[in-house]
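Next up, data00.csv (CSV, C-alpha atoms):
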chain,number,residue,atom,x,y,z
A,10,MET,CA,-32.8,-10.6,-12.2
A,11,ALA,CA,-32.0,-7.1,-13.1
A,12,SER,CA,-29.5,-5.3,-10.9
A,13,LEU,CA,-28.6,-1.7,-10.2
A,14,ASN,CA,-25.6,0.0,-11.5
A,15,VAL,CA,-24.3,2.2,-8.6
A,16,ARG,CA,-21.9,5.0,-8.7
A,17,VAL,CA,-21.0,7.0,-5.6
A,18,VAL,CA,-19.1,10.1,-6.6
A,19,SER,CA,-17.5,12.7,-4.4
A,20,PRO,CA,-15.9,15.9,-5.7
A,21,GLN,CA,-12.5,14.3,-5.5
A,22,LYS,CA,-13.1,10.9,-6.9
A,23,ILE,CA,-15.4,8.0,-7.7
A,24,VAL,CA,-15.8,6.3,-4.3
A,25,PHE,CA,-17.7,3.3,-5.4
A,26,GLU,CA,-18.7,1.9,-8.7
A,27,GLY,CA,-20.4,-1.5,-9.2
A,28,GLU,CA,-23.5,-3.7,-9.3
A,29,ALA,CA,-26.0,-3.8,-6.6
A,30,ALA,CA,-29.1,-5.8,-5.8
A,31,ALA,CA,-30.5,-3.0,-3.7
A,32,LEU,CA,-29.4,0.1,-1.8
A,33,VAL,CA,-30.6,2.2,1.1
A,34,ALA,CA,-29.6,5.8,1.0
A,35,PRO,CA,-30.1,8.7,3.5
A,36,ALA,CA,-32.3,11.2,1.7
A,37,TRP,CA,-33.1,14.6,3.2
A,38,ASP,CA,-36.3,13.3,4.8
A,39,GLY,CA,-35.2,9.8,5.8
A,40,ASP,CA,-33.8,6.7,4.3
A,41,VAL,CA,-34.9,5.7,0.8
A,42,GLY,CA,-34.6,2.2,-0.5
A,43,ILE,CA,-34.0,1.6,-4.2
A,44,LEU,CA,-34.6,-1.7,-6.0
A,45,PRO,CA,-34.1,-2.5,-9.7
A,46,GLY,CA,-36.8,-1.0,-11.8
A,47,HIS,CA,-37.2,2.1,-9.7
A,48,ALA,CA,-38.9,5.1,-11.3
A,49,PRO,CA,-36.6,7.9,-12.3
A,50,MET,CA,-35.9,10.0,-9.3
A,51,LEU,CA,-33.9,13.0,-8.1
A,52,ALA,CA,-33.6,13.4,-4.3
A,53,LEU,CA,-31.5,15.6,-2.0
A,54,LEU,CA,-29.3,13.6,0.3
A,55,GLY,CA,-29.0,14.2,4.0
A,56,VAL,CA,-26.4,12.9,6.4
A,57,GLY,CA,-26.1,9.2,7.2
A,58,GLU,CA,-25.1,5.8,6.1
A,59,LEU,CA,-25.5,4.5,2.6
A,60,ALA,CA,-25.8,0.7,2.3
A,61,VAL,CA,-25.2,-1.0,-1.0
A,62,ASP,CA,-26.3,-4.7,-1.1
A,63,ARG,CA,-24.0,-6.6,-3.5
A,64,PRO,CA,-25.7,-9.1,-5.9
A,65,GLY,CA,-23.8,-12.1,-4.4
A,66,GLY,CA,-24.7,-11.1,-0.9
A,67,GLY,CA,-22.8,-8.9,1.5
A,68,SER,CA,-23.0,-5.1,1.5
A,69,ALA,CA,-20.8,-2.1,1.3
A,70,THR,CA,-21.5,0.9,3.6
A,71,PHE,CA,-20.3,4.5,3.4
A,72,HIS,CA,-21.0,7.6,5.3
A,73,VAL,CA,-22.3,10.3,3.0
A,74,ALA,CA,-23.4,13.8,3.5
A,75,GLY,CA,-25.2,16.3,1.2
A,76,GLY,CA,-25.6,16.2,-2.5
A,77,VAL,CA,-28.1,14.5,-4.7
A,78,LEU,CA,-29.3,11.0,-5.6
A,79,LYS,CA,-30.3,10.3,-9.1
A,80,VAL,CA,-32.1,7.1,-10.3
A,81,GLU,CA,-32.6,6.5,-14.0
A,82,ARG,CA,-33.0,3.2,-15.9
A,83,ASN,CA,-31.4,1.1,-13.1
A,84,THR,CA,-28.5,3.4,-12.8
A,85,VAL,CA,-28.1,5.1,-9.5
A,86,THR,CA,-25.7,8.0,-9.2
A,87,LEU,CA,-25.0,9.5,-5.8
A,88,LEU,CA,-23.3,12.8,-6.0
A,89,THR,CA,-22.3,13.4,-2.5
A,90,GLU,CA,-20.3,16.3,-1.0
A,91,TYR,CA,-18.7,13.9,1.5
A,92,ALA,CA,-18.1,10.2,1.3
A,93,GLY,CA,-16.0,8.2,3.7
A,94,ASP,CA,-15.8,5.5,6.3
A,95,THR,CA,-16.5,7.8,9.2
A,96,ALA,CA,-19.2,10.4,9.8
A,97,PRO,CA,-18.3,13.8,8.4
A,98,GLU,CA,-16.9,16.4,10.8
A,99,VAL,CA,-18.7,19.3,9.2
A,100,VAL,CA,-22.2,18.9,7.7
A,101,PRO,CA,-22.4,20.5,4.3
A,102,ALA,CA,-25.1,23.2,3.8
A,103,SER,CA,-26.9,21.2,1.2
A,104,ALA,CA,-27.6,18.4,3.7
A,105,THR,CA,-29.5,20.7,6.1
A,106,VAL,CA,-33.0,20.6,4.6
A,107,PHE,CA,-35.8,20.4,7.2
A,108,VAL,CA,-39.4,19.4,6.6
A,109,GLU,CA,-40.4,22.9,7.8
A,110,ASP,CA,-38.4,24.5,5.0
A,111,VAL,CA,-40.4,22.7,2.3
A,112,GLU,CA,-43.5,24.6,1.3
A,113,ASP,CA,-46.9,22.9,0.4
B,26,MET,CA,46.2,30.3,-20.8
B,27,ALA,CA,43.6,32.6,-19.1
B,28,GLY,CA,40.9,32.2,-21.8
B,29,SER,CA,40.6,28.4,-21.3
B,30,ARG,CA,40.3,28.8,-17.6
B,31,ASP,CA,37.3,31.1,-17.9
B,32,VAL,CA,35.7,28.8,-20.3
B,33,LYS,CA,36.2,25.9,-17.9
B,34,ARG,CA,34.5,27.9,-15.1
B,35,ARG,CA,31.5,28.6,-17.4
B,36,ILE,CA,31.2,24.9,-18.3
B,37,LYS,CA,31.1,24.1,-14.6
B,38,SER,CA,28.5,26.7,-13.9
B,39,VAL,CA,26.2,25.6,-16.8
B,40,GLU,CA,26.6,22.0,-15.7
B,41,ASN,CA,25.3,23.0,-12.3
B,42,THR,CA,22.4,24.9,-13.8
B,43,ARG,CA,21.5,21.9,-16.0
B,44,GLN,CA,21.6,19.7,-12.9
B,45,ILE,CA,19.1,22.0,-11.2
B,46,THR,CA,16.7,22.3,-14.1
B,47,ARG,CA,16.8,18.6,-14.8
B,48,THR,CA,15.9,17.9,-11.2
B,49,MET,CA,13.1,20.4,-11.3
B,50,GLU,CA,11.9,18.7,-14.5
B,51,LEU,CA,11.8,15.3,-12.8
B,52,VAL,CA,10.0,16.7,-9.7
B,53,ALA,CA,7.4,18.4,-12.0
B,54,THR,CA,7.0,15.2,-13.9
B,55,SER,CA,6.2,13.2,-10.8
B,56,LYS,CA,3.9,16.0,-9.4
B,57,LEU,CA,2.2,16.2,-12.8
B,58,LYS,CA,1.3,12.6,-12.7
B,59,ARG,CA,-0.4,12.9,-9.4
B,60,ALA,CA,-2.1,16.2,-10.3
B,61,THR,CA,-3.4,14.7,-13.6
B,62,ASP,CA,-4.9,11.8,-11.7
B,63,ARG,CA,-6.7,14.3,-9.5
B,64,VAL,CA,-8.0,16.1,-12.6
B,65,TYR,CA,-9.4,13.0,-14.1
B,66,ALA,CA,-10.8,11.8,-10.7
B,67,ALA,CA,-12.7,15.1,-10.3
B,68,ARG,CA,-14.3,15.0,-13.7
B,69,PRO,CA,-17.2,12.5,-13.1
B,70,TYR,CA,-18.6,14.6,-10.3
B,71,ALA,CA,-18.5,17.8,-12.3
B,72,GLY,CA,-20.1,16.2,-15.4
B,73,ALA,CA,-22.9,14.5,-13.5
B,74,LEU,CA,-23.6,17.7,-11.4
B,75,HIS,CA,-23.8,19.8,-14.5
B,76,GLU,CA,-26.3,17.4,-16.0
B,77,ILE,CA,-28.5,17.6,-13.0
B,78,VAL,CA,-28.3,21.4,-12.6
B,79,ALA,CA,-29.0,21.9,-16.3
B,80,GLY,CA,-31.9,19.5,-16.2
B,81,LEU,CA,-33.6,21.4,-13.3
B,82,TYR,CA,-32.8,24.9,-14.4
B,83,SER,CA,-35.4,27.1,-16.0
B,84,PRO,CA,-35.1,30.8,-16.5
B,85,ALA,CA,-38.4,31.4,-14.7
B,86,LEU,CA,-36.8,30.5,-11.4
B,87,SER,CA,-34.6,33.5,-11.4
B,88,GLU,CA,-37.2,35.6,-9.6
B,89,LYS,CA,-37.3,33.2,-6.7
B,90,TYR,CA,-33.6,32.6,-5.7
B,91,PRO,CA,-31.0,35.3,-5.5
B,92,ILE,CA,-28.3,32.9,-6.8
B,93,LEU,CA,-30.2,32.5,-10.0
B,94,ARG,CA,-30.9,36.2,-10.5
B,95,ARG,CA,-30.3,37.5,-14.0
B,96,PRO,CA,-29.4,41.2,-13.8
B,97,GLU,CA,-30.7,43.2,-16.8
B,98,THR,CA,-27.7,45.5,-16.8
B,99,THR,CA,-24.3,44.6,-15.4
B,100,LYS,CA,-22.8,47.4,-13.3
B,101,ARG,CA,-20.0,45.6,-11.6
B,102,ALA,CA,-18.3,42.3,-12.3
B,103,ALA,CA,-16.0,40.2,-10.1
B,104,VAL,CA,-13.0,38.5,-11.7
B,105,LEU,CA,-11.5,35.6,-9.9
B,106,LEU,CA,-8.0,34.9,-11.2
B,107,LEU,CA,-6.2,31.7,-10.3
B,108,THR,CA,-2.4,31.6,-10.7
B,109,ALA,CA,0.5,29.6,-9.2
B,110,ASN,CA,2.4,30.5,-6.0
B,111,ARG,CA,5.7,29.7,-7.7
B,112,GLY,CA,7.4,30.7,-10.9
B,113,LEU,CA,9.9,28.9,-13.2
B,114,CYS,CA,7.0,27.6,-15.2
B,115,GLY,CA,7.4,29.4,-18.5
B,116,GLY,CA,4.6,31.7,-19.6
B,117,PHE,CA,2.0,30.0,-17.3
B,118,ASN,CA,1.5,32.8,-14.8
B,119,SER,CA,2.0,35.7,-17.3
B,120,ASN,CA,-0.5,34.1,-19.7
B,121,LEU,CA,-3.1,34.0,-17.0
B,122,ILE,CA,-2.4,37.5,-15.9
B,123,LYS,CA,-2.7,38.7,-19.5
B,124,GLN,CA,-6.0,36.9,-19.9
B,125,ALA,CA,-7.4,38.6,-16.8
B,126,ARG,CA,-6.2,42.0,-17.9
B,127,THR,CA,-7.7,41.6,-21.4
B,128,LEU,CA,-11.0,40.5,-19.8
B,129,MET,CA,-11.0,43.5,-17.4
B,130,GLU,CA,-10.2,46.0,-20.1
B,131,GLU,CA,-13.0,44.5,-22.2
B,132,LEU,CA,-15.5,44.8,-19.3
B,133,ARG,CA,-14.4,48.4,-18.5
B,134,GLY,CA,-14.8,49.2,-22.2
B,135,LYS,CA,-18.4,48.3,-21.8
B,136,GLY,CA,-18.7,50.6,-18.8
B,137,ILE,CA,-18.6,47.8,-16.2
B,138,GLU,CA,-16.8,48.3,-13.0
B,139,THR,CA,-14.5,45.4,-12.1
B,140,GLU,CA,-13.1,44.0,-9.0
B,141,LEU,CA,-10.2,41.6,-9.0
B,142,HIS,CA,-10.0,38.6,-6.6
B,143,ILE,CA,-6.7,36.7,-6.8
B,144,ALA,CA,-5.4,33.4,-5.7
B,145,GLY,CA,-1.6,32.8,-6.2
B,146,LYS,CA,1.5,34.7,-5.2
B,147,LYS,CA,2.6,35.4,-8.7
B,148,ALA,CA,-0.5,37.5,-9.7
B,149,VAL,CA,-0.6,39.2,-6.3
B,150,ALA,CA,3.1,40.3,-6.8
B,151,TYR,CA,2.4,41.5,-10.4
B,152,PHE,CA,-0.7,43.6,-9.5
B,153,ARG,CA,0.9,45.0,-6.4
B,154,PHE,CA,4.0,46.0,-8.4
B,155,ARG,CA,1.7,47.7,-10.9
B,156,GLY,CA,-0.1,49.5,-8.1
B,157,GLU,CA,-3.4,48.1,-9.2
B,158,GLU,CA,-6.2,47.5,-6.8
B,159,MET,CA,-7.1,44.0,-5.7
B,160,ALA,CA,-10.3,43.2,-3.8
B,161,THR,CA,-9.1,40.0,-2.1
B,162,THR,CA,-5.8,38.1,-2.3
B,163,ARG,CA,-5.0,34.5,-1.3
B,164,THR,CA,-1.6,32.8,-1.4
B,165,ASP,CA,-2.3,29.7,0.7
B,166,VAL,CA,-3.7,27.4,-1.9
B,167,GLY,CA,-1.1,24.7,-2.5
B,168,ASP,CA,-0.4,21.9,-4.9
B,169,HIS,CA,-3.2,19.9,-3.6
B,170,PRO,CA,-6.3,22.1,-3.5
B,171,THR,CA,-9.3,21.0,-1.5
B,172,VAL,CA,-13.0,21.6,-1.7
B,173,ASP,CA,-12.7,23.9,1.3
B,174,ASP,CA,-10.1,26.0,-0.5
B,175,ALA,CA,-12.6,26.4,-3.3
B,176,GLU,CA,-15.4,27.3,-0.9
B,177,SER,CA,-13.4,29.9,1.0
B,178,LEU,CA,-12.4,31.5,-2.4
B,179,ILE,CA,-15.8,31.6,-4.0
B,180,GLY,CA,-18.1,31.8,-1.0
B,181,PRO,CA,-17.7,35.5,-0.3
B,182,ILE,CA,-17.9,36.3,-4.0
B,183,ARG,CA,-21.1,34.2,-4.3
B,184,ASP,CA,-22.6,36.1,-1.4
B,185,ARG,CA,-21.8,39.4,-3.1
B,186,PHE,CA,-23.6,38.2,-6.2
B,187,GLU,CA,-26.6,37.2,-4.2
B,188,SER,CA,-26.7,40.5,-2.4
B,189,GLY,CA,-26.5,42.4,-5.6
B,190,ALA,CA,-23.0,43.9,-5.0
B,191,VAL,CA,-21.7,42.4,-8.2
B,192,ASP,CA,-23.8,41.3,-11.2
B,193,ALA,CA,-21.4,38.9,-12.9
B,194,VAL,CA,-18.6,36.6,-11.8
B,195,TYR,CA,-15.8,35.5,-14.1
B,196,LEU,CA,-13.2,32.8,-13.5
B,197,VAL,CA,-9.8,33.0,-15.2
B,198,SER,CA,-7.7,29.8,-14.9
B,199,SER,CA,-5.8,27.4,-17.0
B,200,GLN,CA,-7.6,24.6,-18.9
B,201,PHE,CA,-5.9,21.3,-18.6
B,202,ARG,CA,-6.2,19.8,-22.1
B,203,SER,CA,-2.9,17.9,-21.8
B,204,ALA,CA,0.5,18.3,-20.2
B,205,MET,CA,1.6,20.2,-23.2
B,206,SER,CA,-1.6,22.3,-23.8
B,207,THR,CA,-2.8,24.4,-20.9
B,208,PRO,CA,-4.3,27.5,-22.4
B,209,PRO,CA,-5.7,30.3,-20.1
B,210,HIS,CA,-9.5,30.2,-20.1
B,211,THR,CA,-12.2,32.6,-19.0
B,212,ARG,CA,-15.5,31.2,-17.7
B,213,GLU,CA,-18.6,33.1,-16.7
B,214,LEU,CA,-19.6,31.5,-13.4
B,215,LEU,CA,-22.6,33.8,-12.6
B,216,PRO,CA,-25.2,34.5,-13.7
B,217,ILE,CA,-25.9,30.9,-14.5
B,218,GLU,CA,-26.6,30.1,-18.1
B,219,GLY,CA,-29.1,27.4,-18.9
B,220,ASP,CA,-28.1,24.6,-21.2
B,221,PRO,CA,-30.9,24.1,-23.8
B,222,ASP,CA,-29.5,20.8,-24.9
B,223,ALA,CA,-29.7,19.2,-21.5
B,224,PRO,CA,-32.3,16.5,-21.0
B,225,SER,CA,-35.1,17.9,-18.8
B,226,ALA,CA,-35.8,16.4,-15.4
B,227,ASP,CA,-39.5,16.6,-15.9
B,228,THR,CA,-40.0,12.9,-15.9
B,229,PHE,CA,-38.3,12.4,-12.6
B,230,ILE,CA,-39.8,12.1,-9.1
B,231,LEU,CA,-38.3,15.1,-7.4
B,232,SER,CA,-37.8,15.1,-3.7
B,233,PRO,CA,-38.4,17.6,-2.1
B,234,SER,CA,-39.0,19.6,-5.3
B,235,GLY,CA,-37.1,20.7,-8.3
B,236,ASP,CA,-36.7,24.3,-6.9
B,237,MET,CA,-35.5,23.1,-3.6
B,238,ILE,CA,-33.0,20.6,-5.0
B,239,LEU,CA,-31.6,23.3,-7.4
B,240,GLU,CA,-31.4,25.9,-4.6
B,241,ARG,CA,-29.4,23.5,-2.4
B,242,ILE,CA,-27.2,22.2,-5.2
B,243,LEU,CA,-26.3,25.4,-6.9
B,244,PRO,CA,-23.8,26.7,-4.3
B,245,ALA,CA,-22.1,23.3,-4.5
B,246,TYR,CA,-22.2,23.6,-8.3
B,247,ILE,CA,-20.5,27.0,-8.3
B,248,ARG,CA,-18.0,25.8,-5.7
B,249,ASN,CA,-17.2,22.7,-7.7
B,250,ALA,CA,-16.5,24.8,-10.8
B,251,VAL,CA,-13.9,26.6,-8.8
B,252,PHE,CA,-12.6,23.4,-7.3
B,253,THR,CA,-12.2,21.8,-10.7
B,254,ALA,CA,-10.5,24.9,-11.9
B,255,LEU,CA,-8.1,24.8,-9.0
B,256,VAL,CA,-7.3,21.2,-9.6
B,257,GLU,CA,-6.8,21.8,-13.4
B,258,ASN,CA,-4.7,24.8,-12.6
B,259,ALA,CA,-2.4,22.8,-10.3
B,260,ALA,CA,-1.9,20.2,-13.0
B,261,ALA,CA,-1.4,22.8,-15.7
B,262,GLU,CA,1.2,24.5,-13.6
B,263,GLN,CA,3.2,21.3,-13.3
B,264,GLY,CA,2.8,20.6,-17.0
B,265,ALA,CA,4.1,24.1,-17.8
B,266,ARG,CA,7.0,23.8,-15.4
B,267,ARG,CA,8.0,20.5,-16.8
B,268,SER,CA,8.0,21.9,-20.4
B,269,ALA,CA,9.9,25.0,-19.3
B,270,MET,CA,12.5,23.0,-17.3
B,271,LYS,CA,12.9,20.5,-20.2
B,272,SER,CA,13.7,23.2,-22.6
B,273,ALA,CA,16.0,24.8,-20.1
B,274,THR,CA,17.8,21.5,-19.7
B,275,ASP,CA,18.0,21.0,-23.4
B,276,ASN,CA,19.3,24.6,-23.9
B,277,ALA,CA,22.0,24.0,-21.2
B,278,GLY,CA,23.1,20.9,-23.1
B,279,ASP,CA,23.5,23.0,-26.3
B,280,VAL,CA,25.4,25.7,-24.5
B,281,LEU,CA,27.6,23.1,-22.9
B,282,GLU,CA,28.4,21.5,-26.3
B,283,HIS,CA,29.3,24.9,-27.6
B,284,LEU,CA,31.5,25.8,-24.6
B,285,THR,CA,33.2,22.4,-24.7
B,286,ARG,CA,34.1,23.0,-28.3
B,287,THR,CA,35.5,26.5,-27.5
B,288,TYR,CA,37.5,25.0,-24.7
B,289,ASN,CA,39.0,22.2,-26.8
B,290,ARG,CA,39.8,24.7,-29.5
B,291,ALA,CA,41.6,27.0,-27.1
B,292,ARG,CA,43.5,24.0,-25.6
B,293,GLN,CA,44.4,22.8,-29.1
B,294,ALA,CA,45.6,26.2,-30.0
B,295,GLN,CA,47.7,26.4,-26.9
B,296,ILE,CA,49.4,23.0,-27.6
B,297,THR,CA,50.0,24.0,-31.2
B,298,GLN,CA,51.5,27.2,-30.1
B,299,GLU,CA,53.8,25.5,-27.6
B,300,ILE,CA,55.0,23.0,-30.3
B,301,ALA,CA,55.6,25.8,-32.6
B,302,GLU,CA,57.7,27.6,-30.0
B,303,ILE,CA,59.7,24.4,-29.3
B,304,VAL,CA,60.3,23.8,-33.0
B,305,GLY,CA,61.1,27.5,-33.5
B,306,GLY,CA,63.5,27.4,-30.6
B,307,SER,CA,65.4,24.3,-31.7
B,308,ALA,CA,65.5,25.6,-35.3
B,309,ALA,CA,67.1,28.8,-34.0
B,310,LEU,CA,69.9,26.7,-32.3
B,311,GLU,CA,70.9,24.8,-35.5
Would it be possible to restate this file's structure as structure tokens?
Amino acid sequence: MASLNVRVVSPQKIVFEGEAAALVAPAWDGDVGILPGHAPMLALLGVGELAVDRPGGGSATFHVAGGVLKVERNTVTLLTEYAGDTAPEVVPASATVFVEDVED
Amino acid sequence: MAGSRDVKRRIKSVENTRQITRTMELVATSKLKRATDRVYAARPYAGALHEIVAGLYSPALSEKYPILRRPETTKRAAVLLLTANRGLCGGFNSNLIKQARTLMEELRGKGIETELHIAGKKAVAYFRFRGEEMATTRTDVGDHPTVDDAESLIGPIRDRFESGAVDAVYLVSSQFRSAMSTPPHTRELLPIEGDPDAPSADTFILSPSGDMILERILPAYIRNAVFTALVENAAAEQGARRSAMKSATDNAGDVLEHLTRTYNRARQAQITQEIAEIVGGSAALE
């Protein structure tokens, strides 16, 4: 079975890099689930927990806030402004998109 | 003999200096290692972010968002100069200052007003001494710059660009090619240039929309450019200091060798003279 290649990158460092069977990320308008074979996608991230399911079972979770999620050919890159084990103290501006802000 | 005592004192003094420069060299080497790690750790984010921004950017969007505006004529430009807070790092600071001065003269030559924003004690001291005007100064960015440092530096300048107070923003900092090569570098931060070679994001599902993603990501993109520059500058400073202190230590070694030789020659001359006196004295008695 194909798997996802996941990279979680913060401005300071690569927080996570590895294989995943699936992942659930907090997009600006709610959680988004990504499985292998997903169409290319760019989405803004909100604030919340990112769960990466490892191929052998088990999962890794991170708190992320703001930035973008990019999916392309089974490679998932999360460029997040914050990544850590606890929720961020300050929510970055790019993580504050509301449904009302989005036209049409 | 008075001469040899003076030389001995100089030897002692040069030895002390060499001890200090050698210690500074070692400290810079260990700081350089950590600073270099931070430079390399920060690169994946910058690279990936650039790719995304370049893929989403199109010149047509400049009407819609103030941060993407492309002024037809540049009346006023902001220059953000990053230097170190400390000296004893060779030409590091003065090269950066020179680069910024050249840039500002060039801009003024084109009839563009300039305003200078400075981070780093050394440049602040230089421009204050010259009595030149500085728009903002910061001296609290340390060896370990943070994203918040970058935001507080560039945030107000970015706002000025968006409001139309300045039409261009330049960043002067050191590139970190290697520990030995850290040339000063000027980068035009704003207005944003498109990258025609970048793969377009047309084939992507965009959520919420390309415009919205770009608008939210751009401030982070600009800030990250400054953050990367701060991190590279910090590493470049340590690299420059290590080289400067290494050559100072080597020079002190050369000086010591020369002084030791002078001292030995003086001592030898004194002994020879004493023997000559003894021999002369006993010869006179015979």
Near A:Gly46, counting all atoms listed in the file, which residues have an atom at most 10 Å away, once you skip same-chain residues fewer than 6 positions from it, shown as a compact mmCIF listing (two decimals) with C-alpha atoms, in the frame of the given file?
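Dumped to result_2.txt:
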# COMPACT_ATOMS: atom_id res chain seq x y z
CA ALA A 11 -32.00 -7.10 -13.10
CA SER A 12 -29.50 -5.30 -10.90
CA LEU A 13 -28.60 -1.70 -10.20
CA VAL A 80 -32.10 7.10 -10.30
CA GLU A 81 -32.60 6.50 -14.00
CA ARG A 82 -33.00 3.20 -15.90
CA ASN A 83 -31.40 1.10 -13.10
CA THR A 84 -28.50 3.40 -12.80
Using all atoms listed in the file, find each residue in chain B having at least one atom no more than 8 Å away from chain A; report its shortest atom-to-atom pair and that distance in Å (one decimal), rows by chain then rising number, as a tab-separated table.
residue	atom	partner	partner_atom	distance
B:Arg63	CA	A:Gln21	CA	7.0
B:Ala66	CA	A:Lys22	CA	4.5
B:Ala67	CA	A:Gln21	CA	4.9
B:Pro69	CA	A:Val18	CA	7.2
B:Tyr70	CA	A:Pro20	CA	5.5
B:Ala71	CA	A:Pro20	CA	7.3
B:Ala73	CA	A:Leu88	CA	7.7
B:Leu74	CA	A:Leu88	CA	7.3
B:Val172	CA	A:Pro20	CA	7.5
B:Thr228	CA	A:Pro49	CA	7.0
B:Phe229	CA	A:Met50	CA	4.7
B:Ile230	CA	A:Met50	CA	4.4
B:Leu231	CA	A:Leu51	CA	4.9
B:Ser232	CA	A:Ala52	CA	4.6
B:Pro233	CA	A:Ala52	CA	6.7
B:Met237	CA	A:Val111	CA	7.7
B:Ile238	CA	A:Leu53	CA	6.0
B:Arg241	CA	A:Ser103	CA	4.9
B:Ile242	CA	A:Ser103	CA	6.5
B:Ala245	CA	A:Ser103	CA	7.7
B:Asn249	CA	A:Pro20	CA	7.2
(message) At a cut-off of 12 Å, using all atoms listed in the file, what residues contact B:Ala85? Leave out same-chain residues fewer than 3 positions from it and give the result as a list in words.
(response)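 The residues satisfying every condition are Leu81, Tyr82, Glu88, Lys89, Tyr90, Leu93, Arg94, Arg95, Gly219 and Asp236 of chain B.
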(request) State, in Å with one decimal place, the distance from atom CA of B:Gly180 to atom CA of B:Ile247. (result)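 Pair atom CA of B:Gly180 / atom CA of B:Ile247 returns 9.1 Å.
Taking atom CA of B:Arg266 as the reference point, atom CA of B:Val32 is found at 29.5 Å.
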(message) My list of candidates is A:Gly93, A:Gly42, A:Pro35, A:Pro64. Which is closest to A:Asn14 when distances are computed with only C-alpha atoms?
(response)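 Nearest candidate to A:Asn14 out of A:Gly93, A:Gly42, A:Pro35, A:Pro64: A:Pro64.
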(message) Show me, as a VMD selection string, the residues that have an atom within 8 Å of B:Tyr288 when counting all atoms listed in the file, minus same-chain residues fewer than 4 positions from it.
(response) chain B and resid 29 32 to 33 284 292
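Interatomic distance, atom CA of B:Leu106 against atom CA of B:Val52: 25.6 Å.
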Once you count only C-alpha atoms, what closest atom pair and distance in Å to one decimal does each residue of stretch 81-114 of chain B within 9 Å of stretch 124-143 of chain B have, with rows by chain and rising residue number, as JSON lines?
{"residue": "B:Thr99", "atom": "CA", "partner": "B:Ile137", "partner_atom": "CA", "distance": 6.6}
{"residue": "B:Lys100", "atom": "CA", "partner": "B:Ile137", "partner_atom": "CA", "distance": 5.1}
{"residue": "B:Arg101", "atom": "CA", "partner": "B:Glu138", "partner_atom": "CA", "distance": 4.4}
{"residue": "B:Ala102", "atom": "CA", "partner": "B:Thr139", "partner_atom": "CA", "distance": 4.9}
{"residue": "B:Ala103", "atom": "CA", "partner": "B:Glu140", "partner_atom": "CA", "distance": 4.9}
{"residue": "B:Val104", "atom": "CA", "partner": "B:Leu141", "partner_atom": "CA", "distance": 5.0}
{"residue": "B:Leu105", "atom": "CA", "partner": "B:His142", "partner_atom": "CA", "distance": 4.7}
{"residue": "B:Leu106", "atom": "CA", "partner": "B:Ile143", "partner_atom": "CA", "distance": 4.9}
{"residue": "B:Leu107", "atom": "CA", "partner": "B:Ile143", "partner_atom": "CA", "distance": 6.1}
{"residue": "B:Thr108", "atom": "CA", "partner": "B:Ile143", "partner_atom": "CA", "distance": 7.7}
(message) Let me make sure I understand: among B:Pro244, B:Val256, B:Leu239, B:Thr161, which one has the smallest atom-to-atom distance to B:Asp184 if we use only C-alpha atoms?
(response) B:Pro244
